[in-house]
Amino acid sequence: MSNFFEIGLSSVLTKAISEMGFEETTPIQERTIPLVLEGKDIIGQAQTGTGKTAAFGIPMIERMNPDRESIKALVVTPTRELAIQVAEELNRIGQFKDVRSLPIYGGQDIDRQIRSLRNRPQIIVGTPGRLMDHMRRRTIRLQQVETVVLDEADEMLSMGFVEDIENILKEVPEQRQTLLFSATMPKSILDLAQRFMQNPEYISMKTKEIIVPQIEQCYVEVQEKQKFDVLCRLLDIQSPDLAIVFGRTKRRVDELFEALSKRGYSAEGIHGDLTQARRDMVMRHFKEGLTEILVATDVAARGLDISGVTHVYNFDVPQDPESYVHRIGRTGRAGKGGQAITFVTPREIGHLRLIEQVAKRRITRKPLPTFNDVLVGQQRLTMDKILKAAEDEDILRYKEMAEELLEDNDSITLLSAALKLLTKEPSTAPIVLTEEAPLRSRQPRRFDQQQGFHRNRDNSKYPSRFPKRKF
DNA sequence: AAAAAAC
């Protein structure tokens, strides 16, 4: 691995990279950057989360003439959210070189996009359909494009974009650089490369080189009817910073996020049937941490890089084993740990074994969370907070004693004793733990009648929900 | 069969 500041990049890029907090290159970046700088065509086999966007973005922008005469680079992605994300990252990389990128995708007012194009971005990041639309309208000129990037190419092909991709590739000059990234390398991808690329350099990360983030993978065996309660309990016990819950269908996503909202969780849903404005808003809320739980179809399974996602729950077992790998990859980003829990009904166990083989990881069984687990879990969270407070106030002796007690965390009595030790003014009342205690301790958000939207406890705005409910 | 993607 090498350092970004030793590979001879221009100062404008180095500055941006350092501002983005990058230091060491990832394996794919280390191998891709020099080749792209040389102008070579590349086929890169890499999972998401390997630093792919920077791997092509940094050298592409480095060698780009920043004049505003024409579109210099075109990046094609399978989903709209991915287009937005990639464009944002490229914008950051190019910020001091005055290189701008613009996401172009469907569902957004086309006239507005045409106006944005007048700002003359050097890089366009788009989804195939809308790109084709602009090409036909002649509102995008690709005659000066020097670099084309096909991101998540396998995904685009399996979504039936072969023809669109071909049309786009025919529209750009033959003398150009083509970079193709794909998690898998089926024959269709190699065919495409054969026809549209020139002596491509093949970069494949050996399995051990692929950064497999520390993702703990497990499953719970549940009846369909239990799923919702089990999810709530897990959320209470684990208290994720941010979590993504994947559902099988759009309908299910709607029902699930409504039910979660109803129970007081900060949740929103996203799928392809929502208006693009809403999709954009939901993603923004989630990225900003305004919502803690994103309920999603596989629209959000691939490529999205959102920091702070500590947990992924597969509310439904993904049909496609590939999809499983992508879904769980939404957590454990940037080298941080993450946990993925898959809900499996008894009849789906066999399917899970198949997924296990594809994921090449053992998925361990986790017992269903009991009511007691929830209580203990919440006590532990409280303990963590108190321990932190204790640290600040330097009451080390208390801390030691409490930690000793914590070792035996099966015992709620001990926990409550530890709690008392650490509280400055210990409550004399015992902590009563009965089955009648509410499943959820968090206060539900309140509905602002006048404004017509929900407000969180911190009084921040919260968008209104759909009326239906099933869980 | 579902999901994604153009109007």
# chains A, B, ... in the order shown; residues from 1 in each chain; ligands from 1
call {"tool": "residues_around", "arguments": {"residues": "DA3 of chain B", "least_positions_apart": "5", "cutoff": "9 Å", "atoms": "only C-alpha atoms (C1' of nucleotides)", "output": "PyMOL selection string"}}
result
chain A and resi 248-250+271-272+297-299
call {"tool": "residues_around", "arguments": {"residues": "Thr32 of chain A", "least_positions_apart": "5", "cutoff": "10 Å", "atoms": "only C-alpha atoms (C1' of nucleotides)", "output": "PyMOL selection string"}}
result
chain A and resi 26-27+37+40+42-44+52+54-56+58-59+179+201-203
call {"tool": "closest_residue", "arguments": {"among": "A:Arg176, A:Ile165, A:Asp111, A:Ile328", "to": "Arg137 of chain A", "atoms": "only C-alpha atoms"}}
result
A:Asp111
call {"tool": "residues_around", "arguments": {"residues": "Asp109 of chain A", "least_positions_apart": "3", "cutoff": "12 Å", "atoms": "only C-alpha atoms (C1' of nucleotides)", "output": "PyMOL selection string"}}
result
(chain A and resi 104-106+112-116+130+275-277) or (chain B and resi 6-7)
call {"tool": "closest_atom_pairs", "arguments": {"of": "chain A", "to": "chain B", "cutoff": "12 Å", "atoms": "only C-alpha atoms (C1' of nucleotides)", "output": "tab-separated table"}}
result
residue	atom	partner	partner_atom	distance
A:Thr77	CA	B:DA5	C1'	10.5
A:Pro78	CA	B:DA4	C1'	7.5
A:Thr79	CA	B:DA4	C1'	6.8
A:Arg80	CA	B:DA5	C1'	8.7
A:Glu81	CA	B:DA4	C1'	11.2
A:Leu82	CA	B:DA4	C1'	11.8
A:Ile104	CA	B:DA6	C1'	11.9
A:Tyr105	CA	B:DA6	C1'	9.2
A:Gly106	CA	B:DA6	C1'	6.4
A:Gly107	CA	B:DA6	C1'	8.4
A:Gln108	CA	B:DA6	C1'	10.7
A:Asp109	CA	B:DC7	C1'	11.0
A:Ile110	CA	B:DC7	C1'	10.1
A:Gly126	CA	B:DA5	C1'	11.1
A:Thr127	CA	B:DA5	C1'	7.4
A:Pro128	CA	B:DA5	C1'	7.2
A:Gly129	CA	B:DA6	C1'	5.0
A:Arg130	CA	B:DA6	C1'	5.7
A:Leu131	CA	B:DA6	C1'	8.9
A:Met132	CA	B:DA6	C1'	8.1
A:Asp133	CA	B:DA6	C1'	6.6
A:His134	CA	B:DA6	C1'	9.9
A:Met135	CA	B:DA6	C1'	11.8
A:Arg136	CA	B:DA6	C1'	11.3
A:Glu155	CA	B:DA4	C1'	9.1
A:Met156	CA	B:DA4	C1'	8.8
A:Leu157	CA	B:DA4	C1'	11.0
A:Ser158	CA	B:DA4	C1'	9.4
A:Met159	CA	B:DA4	C1'	6.4
A:Gly160	CA	B:DA5	C1'	8.9
A:Phe161	CA	B:DA5	C1'	8.2
A:Asp164	CA	B:DA5	C1'	10.5
A:Phe246	CA	B:DA3	C1'	11.9
A:Gly247	CA	B:DA2	C1'	10.6
A:Arg248	CA	B:DA2	C1'	7.2
A:Thr249	CA	B:DA2	C1'	6.5
A:Lys250	CA	B:DA3	C1'	8.5
A:Arg251	CA	B:DA2	C1'	11.0
A:Arg252	CA	B:DA2	C1'	11.6
A:His271	CA	B:DA3	C1'	8.9
A:Gly272	CA	B:DA4	C1'	7.4
A:Asp273	CA	B:DA4	C1'	10.5
A:Ala296	CA	B:DA3	C1'	10.8
A:Thr297	CA	B:DA3	C1'	7.2
A:Asp298	CA	B:DA3	C1'	6.1
A:Val299	CA	B:DA4	C1'	6.2
A:Ala300	CA	B:DA4	C1'	9.8
A:Ala301	CA	B:DA3	C1'	10.2
A:Arg302	CA	B:DA4	C1'	10.6
A:Pro318	CA	B:DA2	C1'	10.2
A:Gln319	CA	B:DA2	C1'	8.8
A:Asp320	CA	B:DA2	C1'	10.3
A:Ser323	CA	B:DA3	C1'	10.5
call {"tool": "residues_around", "arguments": {"residues": "Val145 of chain A", "least_positions_apart": "3", "cutoff": "8 Å", "atoms": "only C-alpha atoms (C1' of nucleotides)", "output": "MDAnalysis selection string"}}
result
chainID A and resid 70:74 142 148 172:173 176
call {"tool": "write_last_selection", "arguments": {"atoms": "N, CA, C and O atoms", "output": "PDB file, in the first residue's frame"}}
result
ATOM      1  N   SER A  70     -16.089  21.620 -23.002  1.00  0.00           N
ATOM      2  CA  SER A  70     -16.878  20.450 -23.380  1.00  0.00           C
ATOM      3  C   SER A  70     -16.948  19.443 -22.240  1.00  0.00           C
ATOM      4  O   SER A  70     -16.266  19.572 -21.239  1.00  0.00           O
ATOM      5  N   ILE A  71     -17.785  18.444 -22.445  1.00  0.00           N
ATOM      6  CA  ILE A  71     -17.849  17.340 -21.485  1.00  0.00           C
ATOM      7  C   ILE A  71     -16.666  16.421 -21.755  1.00  0.00           C
ATOM      8  O   ILE A  71     -16.498  15.913 -22.865  1.00  0.00           O
ATOM      9  N   LYS A  72     -15.846  16.226 -20.712  1.00  0.00           N
ATOM     10  CA  LYS A  72     -14.612  15.456 -20.894  1.00  0.00           C
ATOM     11  C   LYS A  72     -14.754  14.001 -20.462  1.00  0.00           C
ATOM     12  O   LYS A  72     -13.993  13.145 -20.885  1.00  0.00           O
ATOM     13  N   ALA A  73     -15.688  13.757 -19.571  1.00  0.00           N
ATOM     14  CA  ALA A  73     -15.825  12.385 -19.075  1.00  0.00           C
ATOM     15  C   ALA A  73     -17.279  12.037 -18.819  1.00  0.00           C
ATOM     16  O   ALA A  73     -18.095  12.900 -18.465  1.00  0.00           O
ATOM     17  N   LEU A  74     -17.581  10.774 -19.032  1.00  0.00           N
ATOM     18  CA  LEU A  74     -18.941  10.287 -18.840  1.00  0.00           C
ATOM     19  C   LEU A  74     -18.891   9.039 -17.957  1.00  0.00           C
ATOM     20  O   LEU A  74     -18.153   8.096 -18.233  1.00  0.00           O
ATOM     21  N   LEU A 142     -21.500  14.652 -26.563  1.00  0.00           N
ATOM     22  CA  LEU A 142     -20.482  13.733 -26.074  1.00  0.00           C
ATOM     23  C   LEU A 142     -19.296  13.598 -27.034  1.00  0.00           C
ATOM     24  O   LEU A 142     -18.451  12.734 -26.870  1.00  0.00           O
ATOM     25  N   VAL A 148     -14.687   7.259 -20.651  1.00  0.00           N
ATOM     26  CA  VAL A 148     -15.998   6.720 -20.311  1.00  0.00           C
ATOM     27  C   VAL A 148     -15.805   5.692 -19.203  1.00  0.00           C
ATOM     28  O   VAL A 148     -14.910   4.856 -19.271  1.00  0.00           O
ATOM     29  N   VAL A 172     -19.808   8.234 -28.268  1.00  0.00           N
ATOM     30  CA  VAL A 172     -18.574   8.909 -27.860  1.00  0.00           C
ATOM     31  C   VAL A 172     -17.458   8.593 -28.854  1.00  0.00           C
ATOM     32  O   VAL A 172     -17.517   7.588 -29.556  1.00  0.00           O
ATOM     33  N   PRO A 173     -16.445   9.477 -28.935  1.00  0.00           N
ATOM     34  CA  PRO A 173     -15.375   9.259 -29.920  1.00  0.00           C
ATOM     35  C   PRO A 173     -14.702   7.908 -29.739  1.00  0.00           C
ATOM     36  O   PRO A 173     -14.615   7.395 -28.636  1.00  0.00           O
ATOM     37  N   ARG A 176     -10.720   7.132 -27.210  1.00  0.00           N
ATOM     38  CA  ARG A 176     -11.077   7.523 -25.846  1.00  0.00           C
ATOM     39  C   ARG A 176     -10.564   6.447 -24.910  1.00  0.00           C
ATOM     40  O   ARG A 176     -10.103   5.399 -25.330  1.00  0.00           O
TER      41      ARG A 176
END
call {"tool": "atom_distance", "arguments": {"atom1": "atom CA of Glu258 of chain A", "atom2": "atom CA of His326 of chain A"}}
result
24.8 Å
call {"tool": "select_by_dssp", "arguments": {"residues": "segment 112-330 of chain A", "states": "helix (DSSP H, G or I)", "output": "ChimeraX atom specification"}}
result
/A:112-117,128-137,153-158,162-171,187-196,224-238,250-262,276-287,298-300,321-328
call {"tool": "select_by_dssp", "arguments": {"residues": "segment 14-251 of chain A", "states": "strand (DSSP E or B)", "output": "MDAnalysis selection string"}}
result
chainID A and resid 24 42:45 73:76 101:104 123:126 147:150 177:182 201:204 215:221 242:246
call {"tool": "residues_around", "arguments": {"residues": "Asp67 of chain A", "least_positions_apart": "3", "cutoff": "9 Å", "atoms": "only C-alpha atoms (C1' of nucleotides)", "output": "list in words"}}
result
Met64, Ser70, Asp98, Val99 and Gln122 of chain A
call {"tool": "atom_distance", "arguments": {"atom1": "atom CA of Asp305 of chain A", "atom2": "atom CA of Glu89 of chain A"}}
result
10.4 Å
call {"tool": "residues_around", "arguments": {"residues": "Met185 of chain A", "least_positions_apart": "4", "cutoff": "9 Å", "atoms": "only C-alpha atoms (C1' of nucleotides)", "output": "list in words"}}
result
Gln45, Asp154, Ile189 and Leu190 of chain A
call {"tool": "residues_around", "arguments": {"residues": "Thr14 of chain A", "least_positions_apart": "2", "cutoff": "10 Å", "atoms": "only C-alpha atoms (C1' of nucleotides)", "output": "PDB file with N, CA, C and O atoms, in the first residue's frame"}}
result
ATOM      1  N   PHE A   4      -1.099   8.500  -0.725  1.00  0.00           N
ATOM      2  CA  PHE A   4      -1.580   9.392  -1.780  1.00  0.00           C
ATOM      3  C   PHE A   4      -0.638  10.570  -2.030  1.00  0.00           C
ATOM      4  O   PHE A   4      -0.601  11.122  -3.112  1.00  0.00           O
ATOM      5  N   PHE A   5       0.091  10.920  -0.988  1.00  0.00           N
ATOM      6  CA  PHE A   5       0.904  12.130  -1.113  1.00  0.00           C
ATOM      7  C   PHE A   5       2.286  11.843  -1.698  1.00  0.00           C
ATOM      8  O   PHE A   5       3.096  12.733  -1.874  1.00  0.00           O
ATOM      9  N   GLU A   6       2.523  10.549  -2.006  1.00  0.00           N
ATOM     10  CA  GLU A   6       3.832  10.189  -2.557  1.00  0.00           C
ATOM     11  C   GLU A   6       3.730   9.715  -3.995  1.00  0.00           C
ATOM     12  O   GLU A   6       4.684   9.181  -4.544  1.00  0.00           O
ATOM     13  N   ILE A   7       2.551   9.853  -4.589  1.00  0.00           N
ATOM     14  CA  ILE A   7       2.430   9.305  -5.938  1.00  0.00           C
ATOM     15  C   ILE A   7       2.438  10.400  -6.997  1.00  0.00           C
ATOM     16  O   ILE A   7       2.031  10.185  -8.128  1.00  0.00           O
ATOM     17  N   GLY A   8       2.920  11.547  -6.610  1.00  0.00           N
ATOM     18  CA  GLY A   8       3.164  12.602  -7.589  1.00  0.00           C
ATOM     19  C   GLY A   8       1.935  13.226  -8.222  1.00  0.00           C
ATOM     20  O   GLY A   8       1.943  13.569  -9.405  1.00  0.00           O
ATOM     21  N   LEU A   9       0.873  13.384  -7.434  1.00  0.00           N
ATOM     22  CA  LEU A   9      -0.310  14.052  -7.970  1.00  0.00           C
ATOM     23  C   LEU A   9      -0.125  15.567  -7.855  1.00  0.00           C
ATOM     24  O   LEU A   9       0.647  16.051  -7.026  1.00  0.00           O
ATOM     25  N   SER A  10      -0.863  16.283  -8.690  1.00  0.00           N
ATOM     26  CA  SER A  10      -0.754  17.739  -8.641  1.00  0.00           C
ATOM     27  C   SER A  10      -1.269  18.266  -7.304  1.00  0.00           C
ATOM     28  O   SER A  10      -2.030  17.604  -6.615  1.00  0.00           O
ATOM     29  N   SER A  11      -0.839  19.491  -6.974  1.00  0.00           N
ATOM     30  CA  SER A  11      -1.184  20.015  -5.651  1.00  0.00           C
ATOM     31  C   SER A  11      -2.681  20.213  -5.478  1.00  0.00           C
ATOM     32  O   SER A  11      -3.221  20.022  -4.388  1.00  0.00           O
ATOM     33  N   VAL A  12      -3.373  20.577  -6.564  1.00  0.00           N
ATOM     34  CA  VAL A  12      -4.822  20.782  -6.416  1.00  0.00           C
ATOM     35  C   VAL A  12      -5.538  19.490  -6.039  1.00  0.00           C
ATOM     36  O   VAL A  12      -6.503  19.501  -5.282  1.00  0.00           O
ATOM     37  N   ALA A  16      -7.288  18.320  -2.280  1.00  0.00           N
ATOM     38  CA  ALA A  16      -8.641  17.779  -2.174  1.00  0.00           C
ATOM     39  C   ALA A  16      -8.631  16.433  -1.458  1.00  0.00           C
ATOM     40  O   ALA A  16      -9.463  16.162  -0.586  1.00  0.00           O
ATOM     41  N   ILE A  17      -7.654  15.602  -1.803  1.00  0.00           N
ATOM     42  CA  ILE A  17      -7.567  14.269  -1.208  1.00  0.00           C
ATOM     43  C   ILE A  17      -7.335  14.371   0.294  1.00  0.00           C
ATOM     44  O   ILE A  17      -7.946  13.653   1.082  1.00  0.00           O
ATOM     45  N   SER A  18      -6.455  15.297   0.664  1.00  0.00           N
ATOM     46  CA  SER A  18      -6.193  15.423   2.092  1.00  0.00           C
ATOM     47  C   SER A  18      -7.410  15.973   2.815  1.00  0.00           C
ATOM     48  O   SER A  18      -7.733  15.574   3.922  1.00  0.00           O
ATOM     49  N   GLU A  19      -8.133  16.854   2.152  1.00  0.00           N
ATOM     50  CA  GLU A  19      -9.348  17.375   2.762  1.00  0.00           C
ATOM     51  C   GLU A  19     -10.424  16.298   2.912  1.00  0.00           C
ATOM     52  O   GLU A  19     -11.252  16.329   3.801  1.00  0.00           O
ATOM     53  N   MET A  20     -10.377  15.320   2.004  1.00  0.00           N
ATOM     54  CA  MET A  20     -11.348  14.227   2.069  1.00  0.00           C
ATOM     55  C   MET A  20     -10.941  13.193   3.119  1.00  0.00           C
ATOM     56  O   MET A  20     -11.675  12.233   3.369  1.00  0.00           O
ATOM     57  N   PHE A  22      -8.314  11.136   2.954  1.00  0.00           N
ATOM     58  CA  PHE A  22      -7.635   9.944   2.444  1.00  0.00           C
ATOM     59  C   PHE A  22      -6.151  10.033   2.756  1.00  0.00           C
ATOM     60  O   PHE A  22      -5.562  11.102   2.682  1.00  0.00           O
ATOM     61  N   GLU A  23      -5.553   8.911   3.082  1.00  0.00           N
ATOM     62  CA  GLU A  23      -4.102   8.870   3.243  1.00  0.00           C
ATOM     63  C   GLU A  23      -3.491   7.719   2.465  1.00  0.00           C
ATOM     64  O   GLU A  23      -2.804   7.917   1.474  1.00  0.00           O
ATOM     65  N   ILE A  58      -9.690   9.973  -9.231  1.00  0.00           N
ATOM     66  CA  ILE A  58      -8.479  10.752  -8.994  1.00  0.00           C
ATOM     67  C   ILE A  58      -7.615  10.863 -10.256  1.00  0.00           C
ATOM     68  O   ILE A  58      -7.321  11.963 -10.705  1.00  0.00           O
ATOM     69  N   GLU A  62      -7.094  14.099 -12.609  1.00  0.00           N
ATOM     70  CA  GLU A  62      -5.704  14.562 -12.684  1.00  0.00           C
ATOM     71  C   GLU A  62      -5.296  14.869 -14.125  1.00  0.00           C
ATOM     72  O   GLU A  62      -4.693  15.884 -14.417  1.00  0.00           O
ATOM     73  N   ILE A  93     -13.343  15.503  -5.309  1.00  0.00           N
ATOM     74  CA  ILE A  93     -11.983  15.279  -5.824  1.00  0.00           C
ATOM     75  C   ILE A  93     -11.548  16.453  -6.705  1.00  0.00           C
ATOM     76  O   ILE A  93     -10.409  16.900  -6.669  1.00  0.00           O
ATOM     77  N   PHE A  96     -10.743  21.681  -6.225  1.00  0.00           N
ATOM     78  CA  PHE A  96      -9.752  22.755  -6.348  1.00  0.00           C
ATOM     79  C   PHE A  96      -9.192  22.885  -7.756  1.00  0.00           C
ATOM     80  O   PHE A  96      -8.327  23.690  -8.023  1.00  0.00           O
TER      81      PHE A  96
END
call {"tool": "atom_distance", "arguments": {"atom1": "atom CA of Gln198 of chain A", "atom2": "atom CA of Asp41 of chain A"}}
result
6.3 Å
